[in-house]
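Source file: protein_23.cif (mmCIF, C-alpha atoms)
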data_target
#
loop_
_atom_site.label_atom_id
_atom_site.label_comp_id
_atom_site.auth_asym_id
_atom_site.auth_seq_id
_atom_site.Cartn_x
_atom_site.Cartn_y
_atom_site.Cartn_z
CA MET A 32 -13.09 -6.62 36.69
CA LYS A 33 -15.45 -8.96 38.53
CA ARG A 34 -18.35 -7.92 36.30
CA TRP A 35 -16.31 -8.78 33.23
CA GLY A 36 -15.75 -12.28 34.57
CA ILE A 37 -19.48 -12.82 35.01
CA THR A 38 -20.27 -11.42 31.57
CA LEU A 39 -17.63 -13.54 29.90
CA SER A 40 -18.73 -16.76 31.57
CA ALA A 41 -22.36 -16.02 30.64
CA VAL A 42 -21.32 -15.41 27.02
CA ALA A 43 -19.29 -18.65 27.04
CA LEU A 44 -22.23 -20.62 28.44
CA CYS A 45 -24.67 -19.14 25.89
CA GLY A 46 -22.15 -19.85 23.13
CA ALA A 47 -21.87 -23.48 24.18
CA LEU A 48 -25.65 -23.85 24.33
CA LEU A 49 -25.99 -22.25 20.89
CA TYR A 50 -23.40 -24.67 19.56
CA VAL A 51 -25.39 -27.63 20.92
CA LEU A 52 -28.60 -26.27 19.38
CA LEU A 53 -26.91 -25.67 16.01
CA GLN A 54 -25.59 -29.21 16.04
CA GLY A 55 -29.08 -30.50 16.76
CA PHE A 56 -30.89 -28.38 14.18
CA GLY A 57 -28.29 -29.03 11.48
CA ARG A 58 -29.16 -32.70 11.48
CA ASN A 59 -32.21 -34.66 10.37
CA PRO A 60 -33.60 -36.13 13.60
CA HIS A 61 -35.11 -39.06 11.70
CA GLU A 62 -31.75 -40.10 10.34
CA VAL A 63 -30.29 -43.01 12.26
CA PRO A 64 -26.48 -43.07 12.07
CA PHE A 65 -24.92 -46.07 10.38
CA MET A 66 -21.77 -47.37 12.01
CA LEU A 67 -21.03 -50.59 10.12
CA SER A 68 -19.48 -48.99 7.00
CA GLY A 69 -16.08 -50.54 6.43
CA LYS A 70 -16.77 -53.28 8.97
CA PRO A 71 -17.09 -56.98 8.17
CA ALA A 72 -20.67 -57.88 7.30
CA PRO A 73 -22.30 -59.92 10.10
CA SER A 74 -22.60 -63.53 8.97
CA PHE A 75 -25.99 -65.22 8.74
CA THR A 76 -27.65 -68.41 7.63
CA LEU A 77 -31.31 -68.00 6.74
CA ARG A 78 -34.01 -70.09 5.13
CA ALA A 79 -34.95 -69.30 1.53
CA LEU A 80 -38.59 -68.33 1.10
CA ASP A 81 -39.23 -70.50 -1.96
CA SER A 82 -37.06 -73.60 -1.56
CA GLY A 83 -36.71 -73.66 2.21
CA LYS A 84 -32.98 -74.31 1.82
CA ALA A 85 -30.45 -72.65 4.10
CA VAL A 86 -28.57 -69.75 2.51
CA SER A 87 -25.55 -68.22 4.22
CA LEU A 88 -23.52 -65.11 3.45
CA GLU A 89 -20.29 -67.15 3.50
CA GLN A 90 -21.23 -69.11 0.41
CA PHE A 91 -20.95 -65.91 -1.66
CA ARG A 92 -17.48 -65.00 -0.37
CA GLY A 93 -15.40 -63.77 -3.28
CA ARG A 94 -18.38 -62.05 -4.92
CA PRO A 95 -19.92 -58.71 -4.01
CA VAL A 96 -23.34 -59.08 -2.40
CA VAL A 97 -26.28 -56.67 -2.47
CA ILE A 98 -28.67 -57.28 0.44
CA ASN A 99 -32.10 -55.66 0.36
CA PHE A 100 -34.29 -55.59 3.48
CA TRP A 101 -37.98 -55.22 2.62
CA ALA A 102 -41.54 -56.04 3.65
CA SER A 103 -44.79 -56.44 1.76
CA TRP A 104 -46.52 -53.90 4.05
CA CYS A 105 -44.01 -51.20 3.12
CA GLY A 106 -45.23 -48.95 0.28
CA PRO A 107 -41.79 -47.68 -0.81
CA CYS A 108 -40.59 -51.32 -1.07
CA ARG A 109 -43.34 -51.93 -3.62
CA MET A 110 -42.04 -48.98 -5.66
CA GLU A 111 -38.46 -50.10 -5.26
CA HIS A 112 -38.84 -53.77 -6.13
CA PRO A 113 -38.85 -53.36 -9.95
CA VAL A 114 -35.52 -51.47 -9.68
CA LEU A 115 -33.99 -54.39 -7.81
CA GLU A 116 -35.42 -56.86 -10.31
CA TRP A 117 -33.81 -54.84 -13.09
CA GLY A 118 -30.56 -54.60 -11.09
CA ALA A 119 -30.43 -58.35 -10.52
CA ARG A 120 -30.84 -58.96 -14.26
CA GLU A 121 -28.46 -56.19 -15.32
CA PHE A 122 -25.71 -56.65 -12.71
CA GLY A 123 -26.35 -60.28 -11.73
CA GLY A 124 -22.97 -61.21 -13.22
CA GLN A 125 -21.13 -58.67 -11.04
CA ALA A 126 -22.91 -59.05 -7.71
CA GLN A 127 -25.15 -61.51 -5.93
CA PHE A 128 -28.53 -59.97 -5.03
CA LEU A 129 -30.27 -61.18 -1.88
CA GLY A 130 -33.57 -60.11 -0.36
CA ILE A 131 -34.32 -60.41 3.37
CA VAL A 132 -37.95 -60.19 4.43
CA PHE A 133 -38.36 -57.93 7.47
CA GLU A 134 -41.22 -58.37 9.97
CA ASP A 135 -43.66 -59.98 7.59
CA THR A 136 -45.63 -63.19 7.13
CA GLU A 137 -44.37 -65.67 4.56
CA ASP A 138 -47.73 -65.67 2.75
CA ASN A 139 -47.71 -61.90 2.34
CA ALA A 140 -44.11 -61.96 1.14
CA ARG A 141 -44.88 -64.70 -1.41
CA GLN A 142 -47.89 -62.80 -2.70
CA PHE A 143 -45.75 -59.66 -3.09
CA LEU A 144 -43.11 -61.57 -5.06
CA GLN A 145 -45.73 -63.23 -7.27
CA GLN A 146 -46.98 -59.79 -8.26
CA LEU A 147 -43.62 -58.07 -8.64
CA GLY A 148 -41.21 -60.83 -9.60
CA ALA A 149 -38.60 -62.89 -7.77
CA SER A 150 -35.44 -63.09 -9.84
CA PHE A 151 -33.07 -63.28 -6.85
CA PRO A 152 -33.12 -65.36 -3.64
CA GLN A 153 -35.43 -64.14 -0.87
CA LEU A 154 -34.71 -65.12 2.71
CA ILE A 155 -36.86 -65.26 5.83
CA ASP A 156 -35.45 -63.56 8.96
CA PRO A 157 -37.27 -64.97 11.98
CA ARG A 158 -37.56 -62.42 14.82
CA SER A 159 -35.51 -59.97 12.68
CA ARG A 160 -32.26 -61.10 14.30
CA VAL A 161 -30.24 -60.52 11.13
CA SER A 162 -31.94 -57.16 10.48
CA VAL A 163 -30.94 -55.86 13.93
CA ASP A 164 -27.48 -57.39 13.49
CA TYR A 165 -27.09 -55.25 10.35
CA GLY A 166 -28.36 -52.11 12.08
CA VAL A 167 -31.51 -51.87 9.96
CA ALA A 168 -33.58 -48.86 11.05
CA GLY A 169 -36.60 -49.35 8.81
CA VAL A 170 -37.37 -50.76 5.36
CA PRO A 171 -36.38 -50.59 2.60
CA GLU A 172 -32.63 -50.55 3.14
CA THR A 173 -30.01 -51.92 0.75
CA TYR A 174 -26.55 -52.99 1.91
CA PHE A 175 -23.51 -53.34 -0.31
CA VAL A 176 -20.98 -55.98 0.75
CA ASP A 177 -17.77 -56.29 -1.26
CA ALA A 178 -16.05 -59.49 -2.36
CA ASN A 179 -14.09 -59.62 0.91
CA GLY A 180 -17.21 -59.50 3.02
CA VAL A 181 -16.82 -55.86 4.09
CA ILE A 182 -19.86 -53.54 4.17
CA LEU A 183 -19.13 -50.61 1.83
CA GLY A 184 -22.30 -48.75 2.79
CA LYS A 185 -26.04 -48.84 2.80
CA HIS A 186 -28.79 -47.04 0.93
CA VAL A 187 -31.73 -45.96 3.09
CA GLY A 188 -35.11 -45.77 1.40
CA PRO A 189 -36.11 -46.94 -2.08
CA ILE A 190 -33.10 -47.06 -4.34
CA ASP A 191 -33.17 -45.57 -7.86
CA PRO A 192 -31.48 -47.20 -10.88
CA GLN A 193 -28.73 -44.57 -11.03
CA SER A 194 -27.67 -44.98 -7.38
CA LEU A 195 -27.84 -48.75 -7.74
CA ALA A 196 -25.58 -48.67 -10.83
CA ASN A 197 -23.13 -46.34 -9.04
CA ARG A 198 -22.98 -48.56 -5.97
CA ILE A 199 -22.41 -51.66 -8.10
CA ARG A 200 -19.53 -49.85 -9.82
CA GLU A 201 -18.03 -49.03 -6.40
CA LEU A 202 -18.43 -52.66 -5.36
CA SER A 203 -16.63 -53.91 -8.48
CA ALA A 204 -13.87 -51.34 -8.03
CA SER A 205 -13.39 -52.34 -4.40
CA GLY A 206 -13.32 -56.02 -5.41
CA THR A 207 -10.66 -55.53 -8.10
CA ALA A 208 -8.59 -53.29 -5.82
CA ALA A 209 -8.64 -56.05 -3.23
CA THR A 210 -7.70 -58.76 -5.71
CA THR A 211 -4.84 -56.76 -7.20
CA ALA A 212 -3.58 -55.94 -3.72
CA ARG A 213 -3.48 -59.62 -2.91
CA PRO A 214 -0.37 -61.29 -4.35
CA MET B 168 -53.31 -56.71 -1.33
CA THR B 169 -51.34 -56.54 1.88
CA GLY B 170 -51.80 -54.05 4.66
CA GLN B 171 -49.91 -50.86 5.40
CA TYR B 172 -48.58 -52.07 8.73
CA ALA B 173 -46.28 -54.80 9.89
CA PRO B 174 -48.22 -57.85 11.12
CA GLN B 175 -48.09 -57.86 14.92
CA GLN B 176 -45.75 -60.46 16.28
CA ALA B 177 -45.58 -61.23 19.98
CA GLY B 178 -42.16 -60.64 21.55
CA SER B 179 -40.00 -63.59 22.46
CA ASP B 180 -40.85 -65.33 25.74
CA PRO B 181 -39.73 -63.45 28.84
CA LEU B 182 -36.71 -64.85 30.64
CA ALA B 183 -36.43 -65.69 34.34
CA PRO B 184 -37.58 -62.64 36.40
CA ALA B 185 -34.08 -61.48 37.36
CA LEU B 186 -32.83 -61.63 33.74
CA GLU B 187 -36.06 -60.15 32.36
CA ALA B 188 -35.66 -57.18 34.73
CA ARG B 189 -32.27 -56.56 33.11
CA VAL B 190 -33.84 -56.86 29.64
CA GLN B 191 -36.46 -54.23 30.52
CA LYS B 192 -33.91 -51.94 32.18
CA LEU B 193 -31.65 -52.09 29.10
CA GLY B 194 -34.67 -51.68 26.86
CA LYS B 195 -35.51 -48.41 28.64
CA GLU B 196 -32.03 -47.05 27.86
CA LEU B 197 -32.08 -47.82 24.13
CA ARG B 198 -33.81 -45.61 21.61
CA CYS B 199 -36.23 -47.17 19.14
CA ALA B 200 -34.98 -46.66 15.57
CA VAL B 201 -38.34 -45.80 13.98
CA CYS B 202 -39.96 -43.80 16.81
CA GLN B 203 -39.58 -40.27 18.17
CA GLY B 204 -37.58 -40.40 21.37
CA VAL B 205 -39.22 -43.58 22.69
CA SER B 206 -37.30 -46.47 24.19
CA ILE B 207 -37.53 -49.93 22.67
CA ALA B 208 -39.15 -51.18 25.88
CA ASP B 209 -41.97 -48.62 25.56
CA SER B 210 -42.61 -48.68 21.81
CA PRO B 211 -45.16 -50.97 20.16
CA ALA B 212 -43.35 -50.73 16.79
CA SER B 213 -42.24 -54.00 15.22
CA MET B 214 -38.71 -52.62 14.88
CA ALA B 215 -38.59 -51.93 18.65
CA ARG B 216 -39.93 -55.40 19.39
CA ALA B 217 -37.24 -56.92 17.17
CA GLN B 218 -34.57 -54.87 18.98
CA LEU B 219 -35.91 -55.84 22.41
CA ASP B 220 -35.92 -59.49 21.30
CA MET B 221 -32.25 -59.02 20.45
CA VAL B 222 -31.57 -57.60 23.94
CA ARG B 223 -33.31 -60.66 25.40
CA GLU B 224 -31.26 -62.96 23.19
CA LEU B 225 -27.99 -61.30 24.23
CA VAL B 226 -28.96 -61.40 27.93
CA SER B 227 -29.78 -65.09 27.68
CA GLN B 228 -26.38 -65.64 26.03
CA GLY B 229 -24.87 -64.28 29.25
CA LYS B 230 -23.63 -60.95 27.84
CA SER B 231 -23.02 -58.14 30.33
CA ASP B 232 -25.04 -54.91 30.26
CA GLN B 233 -22.04 -53.03 28.87
CA GLU B 234 -21.54 -55.59 26.10
CA ILE B 235 -25.18 -55.27 25.09
CA ILE B 236 -25.01 -51.45 25.07
CA ASP B 237 -21.80 -51.69 23.00
CA TYR B 238 -23.52 -54.05 20.55
CA PHE B 239 -26.21 -51.43 19.84
CA VAL B 240 -23.79 -48.49 19.79
CA ALA B 241 -21.63 -50.40 17.26
CA ARG B 242 -24.66 -50.52 14.94
CA TYR B 243 -26.68 -47.38 15.56
CA GLY B 244 -24.05 -45.11 17.11
CA GLU B 245 -24.39 -43.15 20.34
CA TRP B 246 -27.71 -41.96 18.91
CA VAL B 247 -29.23 -45.19 20.23
CA LEU B 248 -28.59 -44.20 23.86
CA LEU B 249 -31.42 -42.23 25.45
CA GLU B 250 -28.95 -40.97 28.08
CA PRO B 251 -25.74 -39.58 26.57
CA THR B 252 -22.59 -41.09 28.05
CA ARG B 253 -20.93 -39.03 30.78
CA GLU B 254 -17.74 -38.13 28.95
CA GLY B 255 -16.12 -35.30 27.01
CA PHE B 256 -18.40 -32.66 25.52
CA ASN B 257 -21.47 -34.58 26.78
CA TRP B 258 -20.72 -33.28 30.27
CA LEU B 259 -22.22 -29.97 29.17
CA VAL B 260 -25.59 -31.68 28.80
CA TRP B 261 -25.35 -33.10 32.30
CA LEU B 262 -23.80 -30.12 34.08
CA GLY B 263 -25.05 -27.17 31.99
CA PRO B 264 -28.50 -26.98 33.62
CA LEU B 265 -26.96 -27.30 37.11
CA LEU B 266 -24.51 -24.49 36.30
CA LEU B 267 -27.37 -22.31 35.05
CA VAL B 268 -29.38 -22.92 38.25
CA ALA B 269 -26.31 -22.19 40.38
CA GLY B 270 -25.64 -19.00 38.43
CA GLY B 271 -29.27 -17.89 38.82
CA ALA B 272 -29.22 -18.61 42.56
CA PHE B 273 -26.00 -16.59 42.89
CA VAL B 274 -27.54 -13.57 41.16
CA ILE B 275 -30.73 -13.77 43.26
CA LEU B 276 -28.75 -14.10 46.50
CA ARG B 277 -26.71 -11.04 45.62
CA GLN B 278 -29.87 -9.04 44.96
CA ILE B 279 -31.42 -10.14 48.26
CA LYS B 280 -28.28 -9.35 50.28
CA GLN B 281 -27.97 -5.71 49.20
CA PRO B 282 -31.46 -4.34 48.78
CA PRO B 283 -31.34 -1.22 51.08
CA ALA B 284 -28.37 0.33 49.29
CA SER B 285 -30.09 0.44 45.93
CA ALA B 286 -33.77 0.44 47.03
CA GLY B 287 -33.31 3.34 49.52
CA ALA B 288 -31.64 5.68 47.07
CA THR B 289 -33.75 5.43 43.94
CA PRO B 290 -37.40 5.34 44.96
CA ALA B 291 -37.33 8.85 46.50
CA PRO B 292 -41.03 9.75 46.53
CA PRO B 293 -41.37 11.99 43.50
CA THR B 294 -45.13 12.73 43.81
CA PRO B 295 -45.41 14.70 47.05
CA ALA B 296 -42.53 17.05 46.23
CA PRO B 297 -44.08 18.88 43.25
CA GLU B 298 -47.44 19.01 45.08
CA ALA B 299 -45.84 20.72 48.02
CA GLU B 300 -44.38 23.36 45.78
CA ASP B 301 -47.53 23.89 43.74
CA PRO B 302 -48.83 27.36 44.78
CA TYR B 303 -52.43 26.62 43.74
CA LEU B 304 -52.54 23.44 45.83
CA GLN B 305 -51.08 25.32 48.76
CA ALA B 306 -53.79 27.91 48.32
CA VAL B 307 -56.55 25.30 48.23
CA ARG B 308 -55.16 23.62 51.34
CA ARG B 309 -55.13 26.95 53.16
CA GLU B 310 -58.73 27.57 52.17
CA LEU B 311 -59.77 24.17 53.47
CA GLU B 312 -58.09 24.55 56.83
#

So that I can check it, write out the structure of this file as structure tokens.
Amino acid sequence: MKRWGITLSAVALCGALLYVLLQGFGRNPHEVPFMLSGKPAPSFTLRALDSGKAVSLEQFRGRPVVINFWASWCGPCRMEHPVLEWGAREFGGQAQFLGIVFEDTEDNARQFLQQLGASFPQLIDPRSRVSVDYGVAGVPETYFVDANGVILGKHVGPIDPQSLANRIRELSASGTAATTARP
Amino acid sequence: MTGQYAPQQAGSDPLAPALEARVQKLGKELRCAVCQGVSIADSPASMARAQLDMVRELVSQGKSDQEIIDYFVARYGEWVLLEPTREGFNWLVWLGPLLLVAGGAFVILRQIKQPPASAGATPAPPTPAPEAEDPYLQAVRRELE
């Protein structure tokens, strides 16, 4: 009887440890969880890279916003930029595209945009306050904020045209759902 | 052409020693988003520096330690904590190793307490017995005497 107790508790302990290990191995350790989905997007006012004017998130209230965090030193951002340029041209009527420069010098960022195009506003984030406020865990990352200022989700890594189009569709759907819900 | 790495930026200016000590202590508890199990206080990555700057900013705004931890958990989840919180299933992580050590000690103690019972019975010397009965060996011994 006593021996059974010991055996059972050992089995239970091993089972619990196995469960912990399975949880750990079943997950990509490089993946940082994202907790701001469905939460209001943190507000910001940042300086535009080209004009130097202040741009805030509030001024786009009522329109979906796509925010891309990037840097000139990031290789994948270089690959991704043409997709965003295309997206801003293609979906510019449905959503406002914004770029936020992460941990970079203004000269490098300007040079990057000269080479790859700047068809949507690019903002400078001193000391990466806004990036940390948004829970950025590396560049590139693209956030999708609906017309009511709620974060629908983010795309980690360089975005492809198909995912971008799908996300824009979700944004539009969420916007219309919100407007029809409002009397 | 621009480089492959983020340009190094110095961190924001340290606060008064007492507040800066809090910044560093909190920085040690928060996991850097782009590193492998390194705290933001220990990592040289630009992301970690940006996060530590944010801790400094929040401390200088007069936020409490718990509020600052909550700020990071709200963004990066419990993942950001290098020490899991002591609640719920997490207790296994804290108490599991202690339970294992206690269990091991219990088993060892039991073995030490009752050695003669088991040790006395089993290792009955098997070698001399067959020798004693071996007629040739007995003969040789007689010859030698």

* Evaluate the PyMOL selection byres ((chain A) within 8 of (chain B)) on the structure here and hand back the selected residues as a ChimeraX atom specification. => /A:44,61,63-67,102-106,134-136,139,158-160,163-166,168-169

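Here the PyMOL selection byres ((chain A and resi 78) around 9) captures the residues Thr76, Leu77, Ala79, Leu80, Asp81, Ser82, Gly83, Lys84, Ala85, Val86, Ser87, Gln153, Leu154, Ile155 and Asp156 of chain A.
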
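We find CA of Pro152 (chain A) and CA of Gln127 (chain A) to be spaced 9.1 Å apart.
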
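The coordinates place CA of Pro211 (chain B) at 22.2 Å from CA of Ser227 (chain B).
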
* Name the residues captured by the PyMOL selection byres ((chain A and resi 187) around 10) when it is applied to the shown file; answer as a list in words. => Glu62, Val63, Phe65, Phe100, Val167, Ala168, Gly169, Val170, Pro171, Glu172, Thr173, Tyr174, Gly184, Lys185, His186, Gly188, Pro189 and Ile190 of chain A

* Have a look at CA of Ser150 (chain A) and CA of Arg198 (chain A) and let me know their distance in Å, one decimal. => 19.5 Å

Serialized region 39-69 of chain A w/ N, CA and C atoms as a compact mmCIF listing (two decimals), in the first residue's frame:
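Saved result, decode.txt, follows:
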# COMPACT_ATOMS: atom_id res chain seq x y z
N LEU A 39 2.93 6.16 -7.17
CA LEU A 39 1.96 7.07 -7.80
C LEU A 39 2.44 8.51 -7.75
N SER A 40 3.00 8.93 -6.60
CA SER A 40 3.43 10.32 -6.53
C SER A 40 4.62 10.55 -7.46
N ALA A 41 5.49 9.55 -7.62
CA ALA A 41 6.61 9.70 -8.55
C ALA A 41 6.09 9.83 -9.97
N VAL A 42 5.10 8.99 -10.31
CA VAL A 42 4.51 9.07 -11.66
C VAL A 42 3.87 10.43 -11.88
N ALA A 43 3.15 10.93 -10.85
CA ALA A 43 2.49 12.23 -10.98
C ALA A 43 3.52 13.32 -11.20
N LEU A 44 4.62 13.27 -10.45
CA LEU A 44 5.65 14.30 -10.55
C LEU A 44 6.29 14.26 -11.93
N CYS A 45 6.61 13.03 -12.42
CA CYS A 45 7.21 12.90 -13.75
C CYS A 45 6.24 13.39 -14.81
N GLY A 46 4.95 13.08 -14.63
CA GLY A 46 3.94 13.53 -15.58
C GLY A 46 3.90 15.05 -15.64
N ALA A 47 3.94 15.68 -14.48
CA ALA A 47 3.89 17.15 -14.45
C ALA A 47 5.12 17.74 -15.13
N LEU A 48 6.29 17.13 -14.86
CA LEU A 48 7.52 17.63 -15.48
C LEU A 48 7.46 17.46 -17.00
N LEU A 49 6.96 16.31 -17.44
CA LEU A 49 6.81 16.06 -18.88
C LEU A 49 5.89 17.09 -19.51
N TYR A 50 4.81 17.41 -18.80
CA TYR A 50 3.86 18.39 -19.31
C TYR A 50 4.55 19.74 -19.51
N VAL A 51 5.37 20.13 -18.51
CA VAL A 51 6.09 21.41 -18.60
C VAL A 51 7.03 21.39 -19.81
N LEU A 52 7.74 20.27 -19.97
CA LEU A 52 8.69 20.16 -21.08
C LEU A 52 7.96 20.21 -22.42
N LEU A 53 6.81 19.51 -22.51
CA LEU A 53 6.05 19.50 -23.76
C LEU A 53 5.59 20.91 -24.11
N GLN A 54 5.12 21.62 -23.07
CA GLN A 54 4.70 23.00 -23.29
C GLN A 54 5.84 23.82 -23.86
N GLY A 55 7.03 23.62 -23.27
CA GLY A 55 8.20 24.40 -23.68
C GLY A 55 8.64 24.05 -25.09
N PHE A 56 8.67 22.75 -25.40
CA PHE A 56 9.17 22.35 -26.72
C PHE A 56 8.16 22.61 -27.82
N GLY A 57 6.87 22.70 -27.45
CA GLY A 57 5.84 22.91 -28.46
C GLY A 57 5.77 24.35 -28.94
N ARG A 58 6.67 25.19 -28.42
CA ARG A 58 6.55 26.61 -28.70
C ARG A 58 7.87 27.11 -29.25
N ASN A 59 7.82 28.07 -30.17
CA ASN A 59 9.04 28.67 -30.68
C ASN A 59 9.60 29.63 -29.62
N PRO A 60 10.81 29.33 -29.11
CA PRO A 60 11.33 30.18 -28.03
C PRO A 60 11.65 31.61 -28.47
N HIS A 61 11.76 31.81 -29.79
CA HIS A 61 12.07 33.16 -30.28
C HIS A 61 10.82 34.02 -30.41
N GLU A 62 9.66 33.35 -30.29
CA GLU A 62 8.43 34.09 -30.50
C GLU A 62 8.03 34.83 -29.23
N VAL A 63 7.95 36.13 -29.34
CA VAL A 63 7.55 36.95 -28.19
C VAL A 63 6.04 37.09 -28.24
N PRO A 64 5.34 36.76 -27.14
CA PRO A 64 3.87 36.88 -27.18
C PRO A 64 3.44 38.33 -27.41
N PHE A 65 2.29 38.48 -28.02
CA PHE A 65 1.76 39.83 -28.26
C PHE A 65 0.45 39.98 -27.53
N MET A 66 0.38 40.93 -26.63
CA MET A 66 -0.75 41.03 -25.72
C MET A 66 -1.70 42.18 -26.05
N LEU A 67 -1.35 43.01 -27.04
CA LEU A 67 -2.14 44.23 -27.25
C LEU A 67 -3.26 44.05 -28.27
N SER A 68 -3.44 42.81 -28.79
CA SER A 68 -4.54 42.58 -29.74
C SER A 68 -5.87 42.89 -29.07
N GLY A 69 -6.69 43.67 -29.75
CA GLY A 69 -8.00 44.01 -29.19
C GLY A 69 -7.96 45.14 -28.18
